[in-house]
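Student: Just passing along the structure, written as structure tokens.
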Amino acid sequence: MAIALHLFGAPSLVIDGSAETLPFERRHQLLACLALRGGWVPRSELAALLWPEQPDKLAYTNVRKALHRLQELPWAPAIESQGNALKFDAATDVAAFEQALREGRSAEALALRRGEFLAGFDDSANEAWTQWLQQERDRLRSLWRGAALDLLPTLDEPARRIALSAEVLGLDAFDEAALRLHAQALLQAGQPARAAAAWQDFVARLRQELEVEPSAELRAWHAQWSGRAASGVPAAAPAAPRSAADDGFIGRSAELQRIRAWLQPGGCRLLTLLGPGGIGKTRLARQALDELEAGHADGAVFVPLEDLPDATQIAPRLAREMSVPLAGRGEALAELVAALKPRQLLLVLDNLEHLAGAPQLLARLLQACPGLTVIATSRVRLALAEEQLFPLQGLPCPDAEDEDRLEAFDATRLFIRAAQRVEPGFAPAAEGAAIAEICRLVDGLPLALELAAAWTRAMPCAAIADELRRGTELLSTADPTRPARQASIAAVFEQSWSQLGEAERRALAALSVCRGGFSAAAARQVAGASPPVLASLADRSLLRKADGGRLQLHPLLQQFAAERLAPGPEQQQAATAHAEHYLNRLATLAPLLRRADREAMRETDLEFENLRAAWVHAAQAGLCELIGRSAVGLMHHCDHRGRAAEGRGLLADAAQAPALALEPRVQARLLAYAAHLAYRLDRYEEAIIEAEALLATEAGNEDQRAWAQCHRLLGAAHLQLGRLDRARIHFGHAHEAAVESGDTLSAAGMLDNRAIVEKHAGRYDEALRLSQAALVMLRRAGAHANIALCLNHLGTLHLVRQDLDAAQAHFEEGLALCEREGLVGTQGYLLANLADTALDRGDLVRAQALAERNLAASRLHGYKSIEIWMLQVMARLALRRGHWAEARQHTAAALQLALALGAQSLLSIGLLPLAETLEAQGERPAARRVLALAARHPLTTAPDRDRMRRTLALWGEPADDPPLMLTLEELVHRTIAGAATGYGALLAPPAAGAAA
């Protein structure tokens, strides 16, 4: 896959020769930064550039979220991650531009600059981004200007010299060198009047914008070729060209830039702004007309056509709008052509889609009138050879993390302006999250934004968002100034629906069951939509092609189409076809998902909305065989991607569906997978109860998959709770079952799990042998998820042996694998161990960064054990910096979570920060007694006990210290209670008659 990024002009991504414009979004800002740099860029630098006002922890989280959204795209493998740095391996036009300049290929370099650097990516609310963007633009402008000034004297063709010098002058309207070269080119081409006009425009700009006069040197230069005295500055400059009317037009700067580029002299002569009703085609066309009118000698004319009944009325309408008298003695079009033939004119034809003969008329006009340029707006492609299509999308909307920057996004700016028209006191800051949600619900559709904003006079934005989730009834207006076709979103879509054939209507209605986009193959399977039908819907702006060739329905159009799907058999048929297509695919991918195969994971990421909808319907419709085959794929995907809570909910709900009660073996499988995800959420006792209950049933014992899954998770849950003997038994059962069934992957996984049991028991050599044998098997199988987990386990064994270099090497390899494959769950353990390793090495900065990153991720995904671990690391970091109060608060928070989980092993190791805090506060005897209590606890693992004993050895053995007469739980409760007071009364005996 050949990938290139165009950063000059409106940013676009070119994949195998096909270009996609990138809308202004945070993930695309991040992508542009990476592409421009070309090499490794620290995450900290990206966080500071894109989220400068947010705390480091939150900014890092937002970088990860932006990366996660980029992973949804088919070209995501080009984004590389290495530790705390990122790289995007793609060619860019800026790099090619700079390379051409270095090699002296000035003409090639100049041609590469197709517009302003990152046009449309301005963000006035982000000062850091604004400064960076301005610096890069200034740097690239300067390089381009220097190359242009060098090239100009070498050009022989007058027209090229005139065009290039005008472009240089357009870059900086006060550039004297550019003015001189431009006037000289015009004079040499025999155009003294244009040279004089350029001089007069320059002087007018100086006076109006800078309030200064031309320098004496410049006046002398002008006098040499104008015949005037050096002091003969024109007494009055000509009036400035007419500017666009300030009608409150918002956004579309990137689109306007592309329109200007397309309609340059010698460029395209028919540009069609294509899009569904309400997307803003007419407003954009009017704005383009205002901006481009001055470049056409005979001006520009806007011609509305929506009220015409047929194409025969177009020519008379054009003649009327352009004040062309028709004699009526012949064909109106012929008379119009005769009048327009000599003119240099820009013509905007608005709303052509319903006029069947319009394309043929346009073709005749363009062929007969060489000075005519046309911008057409239409919901339907005109299908002319001369046509340049420009499909429009909704206005950029903020993501959740951008809700405090509403003014940076065109969609929210439009909504706020419309709201303040009807409710002058509307305060957007108080409703930022709801405003952003409204914009996302309507996908930035301008008409829908304005219709929704009108309701702010009667209800809060949160209520508007709730109504939009239920349907489109809210999106209507009684405003008499708005055309009837735009009085409601329903009216807009009804107009498009009325122009469809029966096959197109059936396909569009059936496709409404899809969620989040779909492929052409899925459209055929789900809706019976053939390629010609899909092409027709796309030509009518009812389907749009997204990244990677996926097709999408606008969310509002999807609601409208769903209403056209007849309830009953037709609706059930479409939903069942959808479920069968997507769940069959999930079942096919299940073996690959188990190994966390990159392409399989990406496919399920991309289709997860469809998979969720398919799963829910299949459960409700009683498609038990389909549910049974696809369930394991759902479990693996949710496990690897940090969606354990969502996956558990889907599996458990399906297991309770009435139809599943008649299929006990399938039901048992679902319950086993749901229990596994409970374990992944650190709900150990709950997982144990569910798995043991399942094994007590006939179905739980008959279904081999359910039986093996139960023993695997029982072993893992008992291990986490410190019950090594039980864990060893269950892992043994699971290993035997894997060997008997020939499941090499499970057998290797159970070897690795048995290695952890031996490690916790203190048999490190045996643990190392088992884990290394497991890694060999896993590498042979190519099971990425299992390999990463095994590398983590091997790293911890090296930590126990105090071999920090070997431990870190294993952790780093595992982390790189997780980041490359998106293995969220295992990544948490690796980051935690790396944070511990950095702390042991004394690298506090790296330990802090890793701990904060991992703490945010664990809270996001609900991984409580990792959250506890990171709070302990944060406590120890605070101690190293002398922040005792902060250390106590982190320790208390960790212990409270461990109590809630009921994990005794987490309680005992959680006392290490307590002991270190007491020692730092000068209470070493108390610290020794605490650590001795924790080390003696029967559920403390051997590695943790060894670690505590090493610390005790540094402090001196508590030979003379009386033991603490407290249980572990009593000490934990006292620690939590004493966090705010400095543990002054922590070890005091309880008052007589009081509970400990």
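Ordering of the structure tokens sets the chain letters (A, B, ...), residue numbers begin anew at 1 in every chain, and ligands are numbered from 1 in the order given.
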Quick one: residues within 12 Å of Pro325 (chain A), only C-alpha atoms counted, chain neighbours fewer than 5 positions away excluded, as a PyMOL selection string?
Tutor: chain A and resi 315-320+332-333+335-340
Student: Those same residues, written as a PDB file, in the first residue's frame with C-alpha atoms?
Tutor:
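To be explicit, this is the file written out as selection.pdb:
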ATOM      1  CA  ALA A 315     -32.044  29.065 -20.578  1.00  0.00           C
ATOM      2  CA  PRO A 316     -34.761  31.701 -19.994  1.00  0.00           C
ATOM      3  CA  ARG A 317     -33.861  31.802 -16.294  1.00  0.00           C
ATOM      4  CA  LEU A 318     -30.173  32.322 -17.126  1.00  0.00           C
ATOM      5  CA  ALA A 319     -31.025  35.055 -19.602  1.00  0.00           C
ATOM      6  CA  ARG A 320     -33.175  36.854 -17.032  1.00  0.00           C
ATOM      7  CA  ALA A 332     -33.495  30.456 -26.253  1.00  0.00           C
ATOM      8  CA  LEU A 333     -30.262  28.542 -25.615  1.00  0.00           C
ATOM      9  CA  GLU A 335     -29.524  33.274 -28.216  1.00  0.00           C
ATOM     10  CA  LEU A 336     -27.969  32.835 -24.764  1.00  0.00           C
ATOM     11  CA  VAL A 337     -24.845  31.230 -26.242  1.00  0.00           C
ATOM     12  CA  ALA A 338     -24.433  34.103 -28.678  1.00  0.00           C
ATOM     13  CA  ALA A 339     -24.603  36.614 -25.823  1.00  0.00           C
ATOM     14  CA  LEU A 340     -22.219  34.684 -23.536  1.00  0.00           C
TER      15      LEU A 340
END
Student: Have a look at A:Ala674, A:Ala668, A:Leu897, A:Ala738 and name the one nearest to Thr697 (chain A); count only C-alpha atoms.
Tutor: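 Checking each candidate against Thr697 (chain A), we get A:Ala668 as the closest.
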Student: Find the residues near region 921-929 of chain A: any atom within 7 Å, counting only C-alpha atoms, skip ones fewer than 2 places away on the same chain, and give them as a VMD selection string.
Tutor: chain A and resid 915 to 919 931 to 933 952 958 961 963 to 964
Student: So which one's closest to Ala659 (chain A), A:Leu589, A:Arg105, A:Leu50, A:Gln620? Using only C-alpha atoms, please.
Tutor: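 Nearest to Ala659 (chain A): A:Gln620.
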Student: Neighbours of Arg258 (chain A) within 9 Å (only C-alpha atoms; same-chain residues fewer than 6 positions away dropped), as a VMD selection string?
Tutor: chain A and resid 9 to 10 115
Student: Mind writing the picked residues with all heavy atoms as a JSON list (two decimals), in the first residue's frame?
Tutor:
[["chain", "number", "residue", "atom", "x", "y", "z"],
["A", 9, "GLY", "N", -2.04, 23.08, 1.06],
["A", 9, "GLY", "CA", -3.46, 23.17, 0.78],
["A", 9, "GLY", "C", -4.25, 22.40, 1.82],
["A", 9, "GLY", "O", -3.77, 22.11, 2.91],
["A", 10, "ALA", "N", -5.49, 22.04, 1.48],
["A", 10, "ALA", "CA", -6.29, 21.23, 2.39],
["A", 10, "ALA", "C", -5.64, 19.86, 2.51],
["A", 10, "ALA", "O", -5.45, 19.19, 1.50],
["A", 10, "ALA", "CB", -7.71, 21.10, 1.85],
["A", 115, "GLY", "N", -1.01, 25.24, -2.16],
["A", 115, "GLY", "CA", -1.80, 26.10, -1.29],
["A", 115, "GLY", "C", -1.07, 26.31, 0.02],
["A", 115, "GLY", "O", 0.07, 25.87, 0.21]]
Student: If we count only C-alpha atoms, what is near Pro532 (chain A) at a cut-off of 10 Å, once residues fewer than 5 positions away on the same chain are taken out, given as a compact mmCIF listing (two decimals) with all heavy atoms, in the first residue's frame?
Tutor:
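Written output follows (result-v5.txt):
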# COMPACT_ATOMS: atom_id res chain seq x y z
N GLU A 504 -33.49 0.91 -5.63
CA GLU A 504 -32.69 1.80 -4.79
C GLU A 504 -33.36 2.02 -3.44
O GLU A 504 -32.69 2.06 -2.40
CB GLU A 504 -32.50 3.14 -5.51
CG GLU A 504 -31.67 3.02 -6.78
CD GLU A 504 -31.87 4.21 -7.71
OE1 GLU A 504 -32.98 4.80 -7.69
OE2 GLU A 504 -30.93 4.55 -8.43
N LEU A 537 -26.87 5.19 -5.67
CA LEU A 537 -27.08 5.86 -4.38
C LEU A 537 -25.94 6.83 -4.07
O LEU A 537 -26.17 7.91 -3.52
CB LEU A 537 -27.21 4.81 -3.27
CG LEU A 537 -28.46 3.93 -3.31
CD1 LEU A 537 -28.38 2.83 -2.25
CD2 LEU A 537 -29.73 4.77 -3.10
N ALA A 538 -24.72 6.44 -4.41
CA ALA A 538 -23.58 7.34 -4.19
C ALA A 538 -23.68 8.56 -5.08
O ALA A 538 -23.41 9.68 -4.64
CB ALA A 538 -22.28 6.59 -4.43
Student: As a short mmCIF file (atom, residue, chain, number, x, y, z; two decimals) with all heavy atoms, in the first residue's frame, please: every residue in region 332-375 of chain A that DSSP puts in helix (DSSP H, G or I).
Tutor:
data_model
loop_
_atom_site.label_atom_id
_atom_site.label_comp_id
_atom_site.auth_asym_id
_atom_site.auth_seq_id
_atom_site.Cartn_x
_atom_site.Cartn_y
_atom_site.Cartn_z
N ALA A 332 -33.99 29.59 -27.32
CA ALA A 332 -33.50 30.46 -26.25
C ALA A 332 -32.03 30.16 -25.94
O ALA A 332 -31.23 31.08 -25.69
CB ALA A 332 -34.35 30.28 -25.00
N LEU A 333 -31.64 28.90 -25.94
CA LEU A 333 -30.26 28.54 -25.61
C LEU A 333 -29.29 29.10 -26.65
O LEU A 333 -28.20 29.57 -26.30
CB LEU A 333 -30.13 27.02 -25.52
CG LEU A 333 -28.73 26.50 -25.17
CD1 LEU A 333 -28.28 27.06 -23.82
CD2 LEU A 333 -28.71 24.98 -25.14
N ALA A 334 -29.69 29.08 -27.93
CA ALA A 334 -28.82 29.60 -28.98
C ALA A 334 -28.60 31.11 -28.78
O ALA A 334 -27.48 31.62 -28.95
CB ALA A 334 -29.42 29.32 -30.35
N GLU A 335 -29.67 31.84 -28.47
CA GLU A 335 -29.52 33.27 -28.22
C GLU A 335 -28.64 33.53 -27.01
O GLU A 335 -27.82 34.45 -26.99
CB GLU A 335 -30.90 33.90 -27.99
CG GLU A 335 -31.79 33.92 -29.22
CD GLU A 335 -33.06 34.72 -28.96
OE1 GLU A 335 -32.94 35.91 -28.63
OE2 GLU A 335 -34.16 34.13 -29.06
N LEU A 336 -28.78 32.69 -25.97
CA LEU A 336 -27.97 32.83 -24.76
C LEU A 336 -26.50 32.58 -25.07
O LEU A 336 -25.61 33.31 -24.62
CB LEU A 336 -28.46 31.85 -23.70
CG LEU A 336 -27.81 31.96 -22.32
CD1 LEU A 336 -28.11 33.31 -21.68
CD2 LEU A 336 -28.29 30.82 -21.42
N VAL A 337 -26.23 31.54 -25.86
CA VAL A 337 -24.84 31.23 -26.24
C VAL A 337 -24.23 32.40 -26.99
O VAL A 337 -23.07 32.78 -26.73
CB VAL A 337 -24.80 29.94 -27.10
CG1 VAL A 337 -23.46 29.80 -27.79
CG2 VAL A 337 -25.08 28.72 -26.22
N ALA A 338 -24.96 32.98 -27.91
CA ALA A 338 -24.43 34.10 -28.68
C ALA A 338 -24.06 35.27 -27.76
O ALA A 338 -23.06 35.97 -27.98
CB ALA A 338 -25.46 34.54 -29.72
N ALA A 339 -24.87 35.50 -26.74
CA ALA A 339 -24.60 36.61 -25.82
C ALA A 339 -23.43 36.31 -24.89
O ALA A 339 -22.66 37.21 -24.52
CB ALA A 339 -25.85 36.92 -25.01
N LEU A 340 -23.26 35.04 -24.51
CA LEU A 340 -22.22 34.68 -23.54
C LEU A 340 -20.88 34.36 -24.17
O LEU A 340 -19.86 34.33 -23.46
CB LEU A 340 -22.67 33.48 -22.70
CG LEU A 340 -23.91 33.66 -21.82
CD1 LEU A 340 -24.16 32.40 -21.00
CD2 LEU A 340 -23.73 34.85 -20.88
N ALA A 358 -30.48 19.10 -17.69
CA ALA A 358 -29.49 20.12 -17.34
C ALA A 358 -28.07 19.76 -17.79
O ALA A 358 -27.35 20.63 -18.30
CB ALA A 358 -29.52 20.39 -15.84
N PRO A 359 -27.59 18.52 -17.62
CA PRO A 359 -26.22 18.23 -18.04
C PRO A 359 -25.97 18.50 -19.52
O PRO A 359 -24.92 19.04 -19.89
CB PRO A 359 -26.07 16.74 -17.70
CG PRO A 359 -27.03 16.51 -16.58
CD PRO A 359 -28.20 17.39 -16.91
N GLN A 360 -26.91 18.13 -20.38
CA GLN A 360 -26.72 18.35 -21.81
C GLN A 360 -26.66 19.84 -22.12
O GLN A 360 -25.85 20.30 -22.95
CB GLN A 360 -27.86 17.69 -22.60
CG GLN A 360 -27.88 16.17 -22.52
CD GLN A 360 -28.47 15.63 -21.24
OE1 GLN A 360 -28.96 16.40 -20.40
NE2 GLN A 360 -28.44 14.32 -21.07
N LEU A 361 -27.51 20.63 -21.47
CA LEU A 361 -27.48 22.09 -21.69
C LEU A 361 -26.15 22.67 -21.25
O LEU A 361 -25.56 23.50 -21.95
CB LEU A 361 -28.64 22.73 -20.92
CG LEU A 361 -28.80 24.24 -21.05
CD1 LEU A 361 -30.28 24.62 -20.98
CD2 LEU A 361 -28.06 24.98 -19.93
N LEU A 362 -25.66 22.21 -20.12
CA LEU A 362 -24.37 22.70 -19.62
C LEU A 362 -23.24 22.35 -20.58
O LEU A 362 -22.33 23.16 -20.82
CB LEU A 362 -24.08 22.09 -18.25
CG LEU A 362 -24.44 22.92 -17.04
CD1 LEU A 362 -24.14 22.15 -15.77
CD2 LEU A 362 -23.66 24.23 -17.04
N ALA A 363 -23.29 21.14 -21.12
CA ALA A 363 -22.24 20.72 -22.05
C ALA A 363 -22.20 21.65 -23.26
O ALA A 363 -21.12 22.05 -23.73
CB ALA A 363 -22.47 19.28 -22.48
N ARG A 364 -23.38 22.03 -23.78
CA ARG A 364 -23.42 22.96 -24.94
C ARG A 364 -22.88 24.32 -24.56
O ARG A 364 -22.12 24.94 -25.32
CB ARG A 364 -24.86 23.08 -25.44
CG ARG A 364 -25.34 21.87 -26.23
CD ARG A 364 -26.73 22.10 -26.77
NE ARG A 364 -26.78 23.26 -27.69
CZ ARG A 364 -27.92 23.74 -28.21
NH1 ARG A 364 -29.08 23.16 -27.89
NH2 ARG A 364 -27.88 24.78 -29.03
N LEU A 365 -23.25 24.83 -23.39
CA LEU A 365 -22.77 26.14 -22.96
C LEU A 365 -21.25 26.17 -22.84
O LEU A 365 -20.59 27.09 -23.31
CB LEU A 365 -23.40 26.51 -21.62
CG LEU A 365 -24.78 27.14 -21.61
CD1 LEU A 365 -25.26 27.33 -20.18
CD2 LEU A 365 -24.76 28.48 -22.33
N LEU A 366 -20.70 25.15 -22.21
CA LEU A 366 -19.26 25.13 -21.97
C LEU A 366 -18.49 24.99 -23.28
O LEU A 366 -17.41 25.58 -23.46
CB LEU A 366 -18.90 23.98 -21.02
CG LEU A 366 -19.37 24.17 -19.58
CD1 LEU A 366 -19.26 22.87 -18.79
CD2 LEU A 366 -18.55 25.27 -18.89
N GLN A 367 -19.03 24.20 -24.21
CA GLN A 367 -18.35 24.02 -25.48
C GLN A 367 -18.38 25.29 -26.32
O GLN A 367 -17.40 25.64 -26.98
CB GLN A 367 -19.01 22.87 -26.25
CG GLN A 367 -18.29 22.51 -27.55
CD GLN A 367 -18.92 21.31 -28.24
OE1 GLN A 367 -20.01 20.88 -27.88
NE2 GLN A 367 -18.23 20.76 -29.23
N ALA A 368 -19.48 26.00 -26.27
CA ALA A 368 -19.64 27.17 -27.14
C ALA A 368 -19.09 28.45 -26.52
O ALA A 368 -18.81 29.41 -27.24
CB ALA A 368 -21.13 27.37 -27.46
#
